[in-house]
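*Asks:* Below you'll find the structure I mean.
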Amino acid sequence: MSSERNRRRILAVAAIMVAAGVLAFLAFGGIGENLVYYWSPTELQASGEQAQGATIRLGGLVEPGSIQHSEDGLTLKFAVTDGEASIPINTTSVPPAMFREGVGVVVEGSVNRAGEFETQRLLVKHDNQYQAPGEGESLDMAEMMKSMQFEMEKQDKEKESAE
């Protein structure tokens, strides 16, 4: 009788361990594929080829003199800078009305083989508390990222509810 009881306990423990393993795999197995890294232009440039293909959120200021509209009006090219490095951006998204030189932006996309950042998602910092750094002032990337996070989360929720 006691060997039957031990057998049942072993089977129960084994079943619980298998269920816990399956649950852990489902919860954490694909998490690496769904992470979106938030980088500054300096960090992105320093990462080199490692950044190619990864989904990244890039934040900085639209570099003055860098905005170029294609002749067909479908592509917008500009550069994002953090004051130290500059990354060329290609997008086919329609820019927000407040998009202009010197404004804080966050783009989500990936780096192509040519080293250009391709994006379909372009956000402009637009609340009334934002002021671009003046001449001689440094850009506080951490503060800008923090202020943009709410807008990114809001759009993510809208996107999920639409699907």
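Chain labels A, B, ... are given in the sequence in which chains occur in the structure tokens; within each chain residues are numbered consecutively from 1, and ligands are likewise numbered from 1 in the order shown.
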Neighbouring residues of region 93-102 of chain A were defined as those with any atom within 10 Å, considering only C-alpha atoms; residues of the same chain fewer than 3 positions away were excluded. Please report them as a JSON list (two decimals) with C-alpha atoms, in the first residue's frame.

*Replies:*
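As a result, out-v5.json now contains:
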[["chain", "number", "residue", "atom", "x", "y", "z"],
["A", 60, "GLY", "CA", 16.77, 62.34, -30.08],
["A", 61, "LEU", "CA", 16.32, 65.64, -31.86],
["A", 62, "VAL", "CA", 15.66, 66.15, -35.57],
["A", 63, "GLU", "CA", 18.98, 67.46, -36.84],
["A", 64, "PRO", "CA", 18.71, 70.95, -38.38],
["A", 65, "GLY", "CA", 19.05, 70.94, -42.18],
["A", 66, "SER", "CA", 18.51, 67.19, -42.49],
["A", 67, "ILE", "CA", 14.84, 66.97, -43.54],
["A", 73, "GLY", "CA", 6.04, 62.45, -51.42],
["A", 74, "LEU", "CA", 6.07, 58.91, -50.04],
["A", 75, "THR", "CA", 9.42, 58.90, -48.28],
["A", 76, "LEU", "CA", 10.80, 61.26, -45.67],
["A", 78, "PHE", "CA", 16.04, 63.14, -41.86],
["A", 79, "ALA", "CA", 18.65, 62.62, -39.16],
["A", 80, "VAL", "CA", 18.21, 62.17, -35.43],
["A", 81, "THR", "CA", 20.94, 63.43, -33.14],
["A", 90, "ASN", "CA", 14.05, 56.74, -43.65],
["A", 105, "VAL", "CA", 11.31, 62.54, -31.77],
["A", 119, "THR", "CA", 10.84, 53.14, -39.51],
["A", 120, "GLN", "CA", 7.10, 53.13, -39.95],
["A", 121, "ARG", "CA", 6.51, 54.76, -36.56],
["A", 122, "LEU", "CA", 7.41, 58.39, -35.91],
["A", 123, "LEU", "CA", 6.42, 60.21, -32.71],
["A", 124, "VAL", "CA", 6.99, 63.86, -31.92],
["A", 125, "LYS", "CA", 7.21, 65.21, -28.41],
["A", 126, "HIS", "CA", 4.32, 67.64, -28.23],
["A", 131, "GLN", "CA", 11.45, 72.84, -24.77],
["A", 132, "ALA", "CA", 14.30, 71.95, -27.07],
["A", 133, "PRO", "CA", 17.71, 72.58, -25.52],
["A", 134, "GLY", "CA", 18.94, 76.07, -26.24]]

*Asks:* Could you give me the residues within region 61-138 of chain A that DSSP places in strand (DSSP E or B), as number ranges by chain?

*Replies:* A: 61-62, 68-69, 76-81, 86-91, 104-111, 117-124

*Asks:* Those same residues - N, CA and C atoms - I'd like them written as an mmCIF file, in the first residue's frame.

*Replies:*
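And here is the file that came out, result_34.cif:
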data_model
loop_
_atom_site.group_PDB
_atom_site.id
_atom_site.type_symbol
_atom_site.label_atom_id
_atom_site.label_comp_id
_atom_site.auth_asym_id
_atom_site.auth_seq_id
_atom_site.Cartn_x
_atom_site.Cartn_y
_atom_site.Cartn_z
ATOM 1 N N LEU A 61 16.852 64.440 -31.232
ATOM 2 C CA LEU A 61 16.315 65.637 -31.864
ATOM 3 C C LEU A 61 16.491 65.535 -33.366
ATOM 4 N N VAL A 62 15.530 66.090 -34.116
ATOM 5 C CA VAL A 62 15.665 66.147 -35.571
ATOM 6 C C VAL A 62 16.792 67.139 -35.874
ATOM 7 N N GLN A 68 14.480 65.876 -45.684
ATOM 8 C CA GLN A 68 14.353 65.785 -47.140
ATOM 9 C C GLN A 68 13.097 64.999 -47.484
ATOM 10 N N HIS A 69 12.232 65.569 -48.295
ATOM 11 C CA HIS A 69 11.042 64.877 -48.779
ATOM 12 C C HIS A 69 11.339 64.336 -50.171
ATOM 13 N N LEU A 76 10.228 60.134 -46.391
ATOM 14 C CA LEU A 76 10.797 61.256 -45.667
ATOM 15 C C LEU A 76 12.141 60.799 -45.118
ATOM 16 N N LYS A 77 13.165 61.602 -45.324
ATOM 17 C CA LYS A 77 14.498 61.315 -44.784
ATOM 18 C C LYS A 77 14.908 62.477 -43.898
ATOM 19 N N PHE A 78 15.510 62.143 -42.773
ATOM 20 C CA PHE A 78 16.038 63.143 -41.857
ATOM 21 C C PHE A 78 17.051 62.453 -40.961
ATOM 22 N N ALA A 79 17.681 63.186 -40.093
ATOM 23 C CA ALA A 79 18.648 62.618 -39.163
ATOM 24 C C ALA A 79 18.219 62.928 -37.737
ATOM 25 N N VAL A 80 18.485 61.989 -36.848
ATOM 26 C CA VAL A 80 18.208 62.166 -35.429
ATOM 27 C C VAL A 80 19.553 62.253 -34.722
ATOM 28 N N THR A 81 19.689 63.227 -33.843
ATOM 29 C CA THR A 81 20.943 63.434 -33.137
ATOM 30 C C THR A 81 20.710 63.572 -31.640
ATOM 31 N N SER A 86 24.806 61.187 -34.980
ATOM 32 C CA SER A 86 23.660 61.442 -35.843
ATOM 33 C C SER A 86 23.347 60.170 -36.627
ATOM 34 N N ILE A 87 22.074 59.799 -36.687
ATOM 35 C CA ILE A 87 21.639 58.596 -37.390
ATOM 36 C C ILE A 87 20.669 58.996 -38.494
ATOM 37 N N PRO A 88 20.925 58.560 -39.752
ATOM 38 C CA PRO A 88 19.980 58.854 -40.840
ATOM 39 C C PRO A 88 18.719 58.001 -40.709
ATOM 40 N N ILE A 89 17.566 58.610 -40.928
ATOM 41 C CA ILE A 89 16.269 57.953 -40.785
ATOM 42 C C ILE A 89 15.540 57.978 -42.127
ATOM 43 N N ASN A 90 14.939 56.839 -42.490
ATOM 44 C CA ASN A 90 14.049 56.743 -43.651
ATOM 45 C C ASN A 90 12.690 56.312 -43.134
ATOM 46 N N THR A 91 11.655 57.015 -43.526
ATOM 47 C CA THR A 91 10.314 56.621 -43.097
ATOM 48 C C THR A 91 9.310 56.858 -44.209
ATOM 49 N N GLY A 104 12.026 67.092 -30.533
ATOM 50 C CA GLY A 104 12.314 65.771 -30.006
ATOM 51 C C GLY A 104 11.435 64.722 -30.671
ATOM 52 N N VAL A 105 12.049 63.616 -31.112
ATOM 53 C CA VAL A 105 11.307 62.542 -31.769
ATOM 54 C C VAL A 105 11.725 61.186 -31.200
ATOM 55 N N VAL A 106 10.832 60.227 -31.368
ATOM 56 C CA VAL A 106 11.129 58.823 -31.116
ATOM 57 C C VAL A 106 10.667 58.070 -32.344
ATOM 58 N N VAL A 107 11.556 57.256 -32.903
ATOM 59 C CA VAL A 107 11.220 56.420 -34.048
ATOM 60 C C VAL A 107 11.424 54.971 -33.649
ATOM 61 N N GLU A 108 10.572 54.106 -34.156
ATOM 62 C CA GLU A 108 10.700 52.677 -33.867
ATOM 63 C C GLU A 108 10.894 51.945 -35.185
ATOM 64 N N GLY A 109 11.929 51.155 -35.254
ATOM 65 C CA GLY A 109 12.236 50.423 -36.476
ATOM 66 C C GLY A 109 13.512 49.640 -36.333
ATOM 67 N N SER A 110 14.257 49.524 -37.435
ATOM 68 C CA SER A 110 15.504 48.763 -37.399
ATOM 69 C C SER A 110 16.526 49.373 -38.344
ATOM 70 N N VAL A 111 17.774 48.999 -38.124
ATOM 71 C CA VAL A 111 18.881 49.484 -38.941
ATOM 72 C C VAL A 111 19.057 48.539 -40.120
ATOM 73 N N PHE A 117 18.422 53.948 -40.514
ATOM 74 C CA PHE A 117 17.348 53.484 -39.650
ATOM 75 C C PHE A 117 16.042 53.582 -40.421
ATOM 76 N N GLU A 118 15.363 52.465 -40.595
ATOM 77 C CA GLU A 118 14.085 52.451 -41.310
ATOM 78 C C GLU A 118 12.951 52.307 -40.309
ATOM 79 N N THR A 119 11.941 53.144 -40.469
ATOM 80 C CA THR A 119 10.845 53.144 -39.508
ATOM 81 C C THR A 119 9.497 53.374 -40.186
ATOM 82 N N GLN A 120 8.475 52.869 -39.561
ATOM 83 C CA GLN A 120 7.098 53.127 -39.950
ATOM 84 C C GLN A 120 6.396 53.916 -38.837
ATOM 85 N N ARG A 121 7.107 54.143 -37.740
ATOM 86 C CA ARG A 121 6.506 54.764 -36.561
ATOM 87 C C ARG A 121 7.338 55.981 -36.151
ATOM 88 N N LEU A 122 6.729 57.140 -36.214
ATOM 89 C CA LEU A 122 7.406 58.392 -35.906
ATOM 90 C C LEU A 122 6.556 59.174 -34.911
ATOM 91 N N LEU A 123 7.118 59.445 -33.747
ATOM 92 C CA LEU A 123 6.418 60.207 -32.712
ATOM 93 C C LEU A 123 7.161 61.501 -32.445
ATOM 94 N N VAL A 124 6.416 62.560 -32.222
ATOM 95 C CA VAL A 124 6.992 63.863 -31.919
ATOM 96 C C VAL A 124 6.567 64.245 -30.515
#

*Asks:* When you draw a straight line from CA of Ala27 (chain A) to CA of Val13 (chain A), how long is it in Å?

*Replies:*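 Computing it gives 20.8 Å between the two atoms.
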
*Asks:* With only C-alpha atoms as the basis for distance, which of A:Glu84, A:Gly59, A:Thr92, A:Ala51 is at the shortest distance from Asn112 (chain A)?

*Replies:*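 Result for the nearest residue to Asn112 (chain A): A:Ala51.
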
*Asks:* Taking only C-alpha atoms into account, name the residue in A:Val18, A:Glu160, A:Glu71, A:Arg113 that is nearest to Gln50 (chain A).

*Replies:* A:Arg113

*Asks:* Could you pull the residues within 9 Å of Ala85 (chain A), counting only C-alpha atoms, minus those fewer than 5 positions along the same chain, as a PyMOL selection string?

*Replies:* chain A and resi 40-45+80

*Asks:* Mind dumping the selected residues with N, CA and C atoms as a PDB file, in the first residue's frame?

*Replies:*
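Dumped to part-v2.pdb:
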ATOM      1  N   SER A  40      19.877  55.813 -27.711  1.00  0.00           N
ATOM      2  CA  SER A  40      20.208  57.135 -28.237  1.00  0.00           C
ATOM      3  C   SER A  40      21.038  56.926 -29.499  1.00  0.00           C
ATOM      4  N   PRO A  41      21.190  57.946 -30.337  1.00  0.00           N
ATOM      5  CA  PRO A  41      22.028  57.799 -31.532  1.00  0.00           C
ATOM      6  C   PRO A  41      23.466  57.360 -31.211  1.00  0.00           C
ATOM      7  N   THR A  42      24.033  57.860 -30.124  1.00  0.00           N
ATOM      8  CA  THR A  42      25.394  57.463 -29.741  1.00  0.00           C
ATOM      9  C   THR A  42      25.457  55.975 -29.428  1.00  0.00           C
ATOM     10  N   GLU A  43      24.479  55.473 -28.674  1.00  0.00           N
ATOM     11  CA  GLU A  43      24.448  54.040 -28.338  1.00  0.00           C
ATOM     12  C   GLU A  43      24.247  53.194 -29.586  1.00  0.00           C
ATOM     13  N   LEU A  44      23.380  53.644 -30.477  1.00  0.00           N
ATOM     14  CA  LEU A  44      23.119  52.899 -31.696  1.00  0.00           C
ATOM     15  C   LEU A  44      24.359  52.846 -32.579  1.00  0.00           C
ATOM     16  N   GLN A  45      25.030  53.957 -32.711  1.00  0.00           N
ATOM     17  CA  GLN A  45      26.241  54.003 -33.525  1.00  0.00           C
ATOM     18  C   GLN A  45      27.342  53.126 -32.925  1.00  0.00           C
ATOM     19  N   VAL A  80      18.485  61.989 -36.848  1.00  0.00           N
ATOM     20  CA  VAL A  80      18.208  62.166 -35.429  1.00  0.00           C
ATOM     21  C   VAL A  80      19.553  62.253 -34.722  1.00  0.00           C
TER      22      VAL A  80
END

*Asks:* Record the distance separating CA of Ser2 (chain A) and CA of Ala19 (chain A), expressed in Å with one decimal.

*Replies:*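 A separation of 25.7 Å between them.
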